[in-house]
Each structure stands twice: as structure tokens, then as C-alpha cells.
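With mmCIF, C-alpha atoms and all ligand atoms inside, this is start_30.cif:
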```cif
data_entry
loop_
_atom_site.label_atom_id
_atom_site.label_comp_id
_atom_site.auth_asym_id
_atom_site.auth_seq_id
_atom_site.Cartn_x
_atom_site.Cartn_y
_atom_site.Cartn_z
CA MET P 1 102.43 119.92 101.67
CA GLN P 2 99.19 118.14 100.90
CA PRO P 3 98.10 116.01 103.85
CA TYR P 4 96.99 112.52 102.83
CA VAL P 5 93.71 111.26 104.30
CA LEU P 6 92.70 107.63 103.88
CA VAL P 7 88.91 107.23 103.99
CA MET P 8 87.69 103.75 104.96
CA GLU P 9 83.97 103.80 104.29
CA ASP P 10 81.74 101.23 102.61
CA GLU P 11 78.77 103.53 101.91
CA ASP P 12 79.59 104.75 98.40
CA ALA P 13 77.54 107.94 98.60
CA LEU P 14 79.19 109.02 101.85
CA ALA P 15 82.66 108.03 100.62
CA THR P 16 82.19 110.14 97.48
CA LEU P 17 80.92 113.08 99.51
CA LEU P 18 83.89 112.83 101.89
CA GLN P 19 86.36 112.61 99.03
CA TYR P 20 84.83 115.62 97.26
CA ASN P 21 84.82 117.82 100.35
CA LEU P 22 88.27 116.83 101.60
CA GLU P 23 89.84 117.39 98.18
CA LYS P 24 88.19 120.79 98.07
CA GLU P 25 89.97 121.55 101.36
CA GLY P 26 93.32 120.62 99.84
CA TYR P 27 93.70 117.07 101.17
CA ARG P 28 94.87 114.18 99.06
CA VAL P 29 92.25 111.44 99.44
CA VAL P 30 92.19 107.69 98.85
CA VAL P 31 88.99 105.72 99.52
CA ALA P 32 88.98 102.10 100.67
CA GLY P 33 85.62 100.30 100.66
CA ASP P 34 86.51 97.70 103.29
CA GLY P 35 88.91 97.16 106.15
CA GLU P 36 91.16 94.74 104.29
CA GLU P 37 91.70 97.14 101.40
CA GLY P 38 92.28 99.96 103.87
CA LEU P 39 95.07 98.06 105.62
CA VAL P 40 96.70 97.34 102.25
CA GLN P 41 96.57 101.06 101.43
CA ILE P 42 98.26 101.88 104.76
CA ASP P 43 101.04 99.39 104.00
CA GLU P 44 101.54 100.98 100.60
CA ARG P 45 101.70 104.54 101.77
CA LEU P 46 101.37 105.88 105.27
CA PRO P 47 98.47 108.36 105.50
CA ASP P 48 98.55 111.50 107.65
CA LEU P 49 95.13 110.61 109.02
CA VAL P 50 92.54 107.81 108.70
CA LEU P 51 88.79 108.36 108.65
CA LEU P 52 87.53 104.99 109.78
CA ASP P 53 83.98 103.71 109.60
CA TRP P 54 83.03 101.56 112.60
CA MET P 55 81.04 99.01 110.59
CA LEU P 56 83.16 97.88 107.67
CA PRO P 57 83.05 94.68 105.62
CA LYS P 58 85.84 92.05 105.83
CA VAL P 59 87.81 93.67 108.67
CA SER P 60 85.74 95.81 111.06
CA GLY P 61 86.66 99.38 111.97
CA ILE P 62 87.57 98.38 115.50
CA GLU P 63 89.84 95.58 114.29
CA VAL P 64 91.50 97.95 111.79
CA CYS P 65 92.09 100.36 114.67
CA ARG P 66 93.57 97.61 116.83
CA ARG P 67 95.95 96.54 114.05
CA ILE P 68 97.05 100.12 113.36
CA ARG P 69 97.82 100.64 117.04
CA GLY P 70 99.57 97.28 117.27
CA LYS P 71 102.33 98.10 114.77
CA ALA P 72 105.30 100.33 115.55
CA GLU P 73 105.13 102.00 112.11
CA THR P 74 101.50 103.06 112.52
CA ARG P 75 101.09 103.30 116.30
CA ASN P 76 100.74 107.11 116.26
CA LEU P 77 98.70 107.34 113.07
CA PRO P 78 95.77 109.71 113.74
CA ILE P 79 92.37 108.00 113.49
CA ILE P 80 88.91 109.57 113.49
CA MET P 81 86.20 106.95 113.88
CA LEU P 82 82.84 107.38 112.13
CA THR P 83 79.81 105.68 113.69
CA ALA P 84 76.11 105.53 112.99
CA ARG P 85 73.86 106.58 115.86
CA GLY P 86 73.31 103.63 118.17
CA GLU P 87 76.34 101.66 116.95
CA GLU P 88 78.14 100.95 120.21
CA THR P 89 78.52 104.68 120.64
CA ASP P 90 79.32 104.39 124.33
CA ARG P 91 82.30 102.20 123.65
CA VAL P 92 83.52 104.51 120.94
CA ARG P 93 82.95 107.51 123.17
CA GLY P 94 85.23 105.91 125.74
CA LEU P 95 87.75 105.78 122.91
CA ASP P 96 89.02 102.49 124.23
CA THR P 97 89.26 101.65 120.55
CA GLY P 98 92.41 103.74 120.35
CA ALA P 99 90.85 106.31 118.01
CA ASP P 100 91.86 109.95 118.50
CA ASP P 101 88.35 111.26 117.97
CA TYR P 102 84.99 110.09 116.71
CA LEU P 103 81.98 111.51 114.88
CA THR P 104 78.42 110.20 114.89
CA LYS P 105 76.63 110.07 111.53
CA PRO P 106 75.07 112.17 110.19
CA PHE P 107 77.66 114.90 110.68
CA SER P 108 78.28 118.13 108.83
CA MET P 109 81.33 118.51 106.60
CA THR P 110 82.24 121.69 108.47
CA GLU P 111 82.32 119.71 111.72
CA LEU P 112 84.37 116.94 110.15
CA ILE P 113 86.94 119.33 108.64
CA ALA P 114 87.27 121.11 112.00
CA ARG P 115 87.89 117.78 113.77
CA ILE P 116 90.46 116.71 111.17
CA ARG P 117 92.32 120.01 111.57
CA ALA P 118 92.22 119.73 115.35
CA VAL P 119 93.57 116.16 115.36
CA LEU P 120 96.30 116.99 112.85
CA ARG P 121 97.29 120.11 114.77
CA ARG P 122 97.51 118.15 118.00
CA ILE P 123 99.41 115.21 116.57
CA ARG P 124 101.36 116.83 113.75
CA PRO P 125 101.82 120.45 114.72
CA GLY P 126 104.08 121.08 111.75
CA LEU P 127 101.77 120.05 108.95
CA ALA P 128 100.56 123.52 108.09
CA ASP P 129 103.33 125.64 109.58
CA ASP P 130 106.43 127.23 108.07
CA ARG P 131 108.22 126.81 111.35
CA ILE P 132 108.23 123.63 113.43
CA ASN P 133 109.48 123.28 116.99
CA HIS P 134 110.15 120.00 118.68
CA GLY P 135 112.15 119.78 121.86
CA ASP P 136 115.24 121.95 121.38
CA ILE P 137 115.09 121.80 117.55
CA VAL P 138 113.53 124.54 115.40
CA ILE P 139 113.19 124.15 111.66
CA ASP P 140 112.28 127.09 109.44
CA ARG P 141 111.03 125.73 106.13
CA VAL P 142 110.88 129.06 104.36
CA ALA P 143 114.39 130.22 105.26
CA HIS P 144 115.67 126.60 105.16
CA ARG P 145 117.38 127.06 108.49
CA VAL P 146 117.70 124.77 111.47
CA ARG P 147 118.66 125.62 115.04
CA ARG P 148 119.29 123.30 117.92
CA ALA P 149 119.61 124.49 121.52
CA GLY P 150 120.15 127.98 120.12
CA SER P 151 122.95 126.99 117.72
CA GLU P 152 122.72 127.13 113.95
CA VAL P 153 122.80 123.65 112.34
CA HIS P 154 124.04 123.33 108.75
CA LEU P 155 122.37 120.57 106.75
CA GLY P 156 122.57 119.37 103.17
CA PRO P 157 119.29 119.34 101.20
CA THR P 158 118.62 115.63 101.82
CA GLU P 159 119.32 115.89 105.55
CA PHE P 160 117.03 118.93 105.67
CA ARG P 161 114.16 117.00 104.05
CA LEU P 162 114.79 114.05 106.37
CA LEU P 163 114.66 116.26 109.44
CA ASP P 164 111.56 118.04 108.11
CA HIS P 165 109.84 114.67 107.74
CA PHE P 166 110.84 113.54 111.25
CA MET P 167 109.77 116.87 112.75
CA GLN P 168 106.31 116.47 111.26
CA HIS P 169 105.90 113.09 112.94
CA PRO P 170 107.78 113.21 116.23
CA GLY P 171 107.90 109.82 117.90
CA ARG P 172 106.72 107.89 114.88
CA VAL P 173 108.93 105.07 113.64
CA PHE P 174 109.71 105.02 109.91
CA SER P 175 111.19 102.11 108.02
CA ARG P 176 113.97 102.83 105.52
CA GLU P 177 111.50 102.22 102.68
CA GLN P 178 109.03 104.74 104.12
CA LEU P 179 111.80 107.32 104.46
CA LEU P 180 112.89 106.66 100.88
CA ASP P 181 109.33 107.27 99.66
CA ALA P 182 108.86 110.40 101.74
CA VAL P 183 112.24 112.03 101.22
CA TRP P 184 113.58 110.76 97.88
CA GLY P 185 110.22 109.95 96.22
CA SER P 186 108.84 106.54 95.28
CA ASP P 187 109.93 106.79 91.62
CA VAL P 188 113.63 107.18 92.42
CA TYR P 189 115.83 104.13 92.84
CA VAL P 190 117.97 104.50 95.92
CA GLU P 191 119.37 101.70 98.04
CA ALA P 192 117.97 101.38 101.55
CA ARG P 193 121.41 101.78 103.12
CA THR P 194 121.62 105.27 101.59
CA VAL P 195 119.05 106.20 104.22
CA ASP P 196 121.46 105.05 106.94
CA VAL P 197 124.18 107.26 105.51
CA HIS P 198 121.99 110.36 105.51
CA VAL P 199 120.54 109.63 108.93
CA GLY P 200 124.14 109.35 110.15
CA ARG P 201 125.00 112.75 108.67
CA LEU P 202 121.86 114.29 110.14
CA ARG P 203 122.72 112.90 113.58
CA LYS P 204 126.23 114.26 113.35
CA ALA P 205 125.02 117.72 112.30
CA LEU P 206 122.47 117.78 115.13
CA ASN P 207 125.10 116.80 117.65
CA VAL P 208 125.28 120.20 119.31
CA GLU P 209 127.40 120.18 122.44
CA GLY P 210 125.53 119.02 125.51
CA THR P 211 122.49 117.69 123.64
CA ALA P 212 121.22 114.13 123.33
CA ASN P 213 121.07 112.12 120.10
CA PRO P 214 117.58 112.96 118.79
CA ILE P 215 117.21 110.11 116.30
CA ARG P 216 116.51 106.72 117.70
CA THR P 217 117.35 103.53 115.83
CA VAL P 218 114.54 101.02 116.27
CA ARG P 219 115.96 97.58 115.66
CA SER P 220 114.63 95.91 112.51
CA ALA P 221 112.00 98.67 112.19
CA GLY P 222 113.76 101.92 111.30
CA TYR P 223 114.23 105.37 112.79
CA SER P 224 112.26 107.91 114.79
CA LEU P 225 112.81 111.40 116.12
CA ASP P 226 112.68 111.11 119.86
CA LEU P 227 113.43 113.98 122.17
CA GLY P 228 111.73 112.38 125.12
CA GLY P 229 108.93 114.91 125.10
CA CA P 301 79.59 101.09 107.28
#
```
In C-alpha cells, what does this structure look like?
Amino acid sequence: MQPYVLVMEDEDALATLLQYNLEKEGYRVVVAGDGEEGLVQIDERLPDLVLLDWMLPKVSGIEVCRRIRGKAETRNLPIIMLTARGEETDRVRGLDTGADDYLTKPFSMTELIARIRAVLRRIRPGLADDRINHGDIVIDRVAHRVRRAGSEVHLGPTEFRLLDHFMQHPGRVFSREQLLDAVWGSDVYVEARTVDVHVGRLRKALNVEGTANPIRTVRSAGYSLDLGG
């Protein structure tokens, strides 16, 4: 699992440096040189984390942040804001921008990598783990086993990948198209309603006696794993 980091930074030298160091750490990196391009990239493929420069051409960092937080699909997308010293740092520090963390330039790559790991661990605990827990569901990716409320759950390979994806992003809403990309791959042609069929099977399999339906249907938006915690 290679986490995907979208870097929105208009200083070429810094963007290159960030890309080089993040790729060295095993992240997949895409660089956007302005806010508008960055938002297009997010629409195309949902990143695991956004590194967002405060002062960006076309659409500012704060506006990008506001738009990310304003959409159901991206509301929980982790954002680390990058600011230059003196650039409205107090406001950023208050994090009323909706960012998860911020760094003041110049920062060390070691510091940045540590912050990225911390944010990902907090928001997506499963990203680096073989075993993910959420609510009463445990998924073991090595043994390919799933348990709910102590009972073994038997899933087909597609349902397993679907659940794995949901477990990595608890609470986040995914459209059918996003689920197709993440679970089937973007180069495979599958009809959107196929997703509904597999979500239905996954729900049924997870329907252990006495437990609540863990997958929420969000009208006209998609699905999310929601165990109320
Ligand atoms: Ca800038």
C-alpha cells in the first residue's frame, strides 16, 4: 500500500525537494503548482493526504482547504498546511482553516515526514498495519480474515477489498466511481451498479447477530463505513 500525497506548492524548488524526499519514503507523489490544478487532481483521484501551501496562485491555500472541507467526499481528507514565517501564522495556528496540522517554512524533511506519519496514523490507523480495528470489526490483511463482534465473517475477494478500503477511511464517504477505482482499478470497465451489488453482499456478510449495519448509504453521494465511533 503506497500512500498517495498530493503536494500543492508553487515554489518549484520546494515542490521538487518535497517530491524527492516523499518518494524516497515510499509515498506516491503528485505535484500541483496552483490551487485550481490541485482541486482538479483531487477530483481525479482522492489523495491520502494533501500538503497545502498557504499562498498559492489562482485558488489560495485557505480557499482550497475550505472547498475540501465543504464536500462530503473530501471532508475528512488529511491536510497539512505549509506557511512562510509571518504569513498569517496565528490564524493557521488556530487551525480555523480546517487543516489537521501546519508547518512553518523553512522546515526539515525529517520534521515533515514525522508530521505526515502522525496525521496519517491518527486519521487512517490502518494505512501501515497488517491488522485494522474499527468498532467491532477486525480485518487481518495477511491472513485475509475478518471478525465482527468476535464472530468469523466469510467474504469473497471483492468484498474483502471493499471492506479493507472502508476500514482504512472510516467515516469517509466514497462515490461508486471512487470505489470502482480503489477496489477494481481504474483500467477495468465495471458498471457502477456492480458496486451496489458487492456492498449489499458485504453488508449481508457483516450482519452478525445483534450488530448494527456498518455501511451507510449517503443519498446521491455513495457509501461510508460508519460504526458511530
Ligand atoms: Ca507559495
Practice item. Using only C-alpha atoms and all ligand atoms, find each residue with an atom at most 10 Å away from ligand CA 301 (chain P) and format the answer as a PyMOL selection string. Key: chain P and resi 8-12+14+33-34+52-57+60-61+82-84
I'd like a table as a Markdown table: residues in stretch 196-228 of chain P with an atom no more than 6 Å from stretch 167-171 of chain P, each row giving the shortest atom pair and its distance in Å to one decimal, all atoms listed in the file counted, sorted by chain and rising residue number.
```
| residue | atom | partner | partner_atom | distance |
| --- | --- | --- | --- | --- |
| P:Ser224 | CA | P:Gly171 | CA | 5.7 |
| P:Leu225 | CA | P:Pro170 | CA | 5.3 |
| P:Asp226 | CA | P:Gly171 | CA | 5.3 |
```
Scan for residues within 9 Å of the point (117.8, 121.1, 112.0) in the coordinates of the file, using all atoms listed in the file, and reply as a tab-separated table (two decimals) with C-alpha atoms, in the coordinates of the input.
```
chain	number	residue	atom	x	y	z
P	137	ILE	CA	115.09	121.80	117.55
P	138	VAL	CA	113.53	124.54	115.40
P	139	ILE	CA	113.19	124.15	111.66
P	140	ASP	CA	112.28	127.09	109.44
P	145	ARG	CA	117.38	127.06	108.49
P	146	VAL	CA	117.70	124.77	111.47
P	147	ARG	CA	118.66	125.62	115.04
P	148	ARG	CA	119.29	123.30	117.92
P	152	GLU	CA	122.72	127.13	113.95
P	153	VAL	CA	122.80	123.65	112.34
P	154	HIS	CA	124.04	123.33	108.75
P	155	LEU	CA	122.37	120.57	106.75
P	159	GLU	CA	119.32	115.89	105.55
P	160	PHE	CA	117.03	118.93	105.67
P	163	LEU	CA	114.66	116.26	109.44
P	164	ASP	CA	111.56	118.04	108.11
P	202	LEU	CA	121.86	114.29	110.14
P	205	ALA	CA	125.02	117.72	112.30
P	206	LEU	CA	122.47	117.78	115.13
```
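Once P:Val197 and its same-chain neighbours fewer than 5 positions away are set aside, Thr158, Glu159, Leu162, Arg176, Val190, Glu191, Ala192, Leu202, Arg203 and Lys204 of chain P remain within 12 Å of it when counting all atoms listed in the file.
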Practice item. Tell me which of P:Phe166, P:Tyr27, P:Tyr189, P:Tyr223 sits closest to P:Asp48, counting all atoms listed in the file. Key: P:Tyr27
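Closest to P:Glu44 among P:Val195, P:Val183, P:Glu177, P:Tyr20 is P:Glu177, based on only C-alpha atoms.
Between atom CA of P:Val31 and atom CA of P:Arg66 there is a distance of 19.7 Å.
Among P:His134, P:Asp181, P:Arg121, P:Lys24, the residue with the shortest atom-to-atom distance to P:Pro214, counting all atoms listed in the file, is P:His134.
Among the candidates P:Val59, P:Ile132, P:Ile215, P:Leu22, the residue lying nearest to P:Ala114 is P:Leu22 (atoms considered: all atoms listed in the file).
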Practice item. Give me, please, the distance in Å between atom CA of P:Gln19 and atom CA of P:Leu6, quoted to one decimal. Key: 9.4 Å
Study note, to complete from the structure: Expressed in Å, the length from atom CA of P:Gln2 to atom CA of P:Ile79 is 17.5 Å
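With all atoms listed in the file as the atoms that count, the residue of P:Asp130, P:Val119, P:Ala99, P:Glu37 with the shortest distance to P:Arg75 is P:Ala99.
Nearest residue to P:Gly210, choosing from P:Gly150, P:Gly35, P:Gly70, P:Gly222 and counting all atoms listed in the file: P:Gly150.
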Draw an axis-aligned box over all listed atoms of stretch 208-217 of chain P, pad each side with 8 Å, and write its centre and edge lengths in Å, one decimal, as JSON.
```
{"center_x": 122.0, "center_y": 111.9, "center_z": 120.7, "size_x": 26.9, "size_y": 32.7, "size_z": 25.7}
```
Point to revise | 12 Å contact set for P:Leu46, all atoms listed in the file, chain neighbours under 4 positions out, as a PyMOL selection string | key: chain P and resi 3-6+30+38-42+50+68+73-78+169+172-175+177-179+181-182
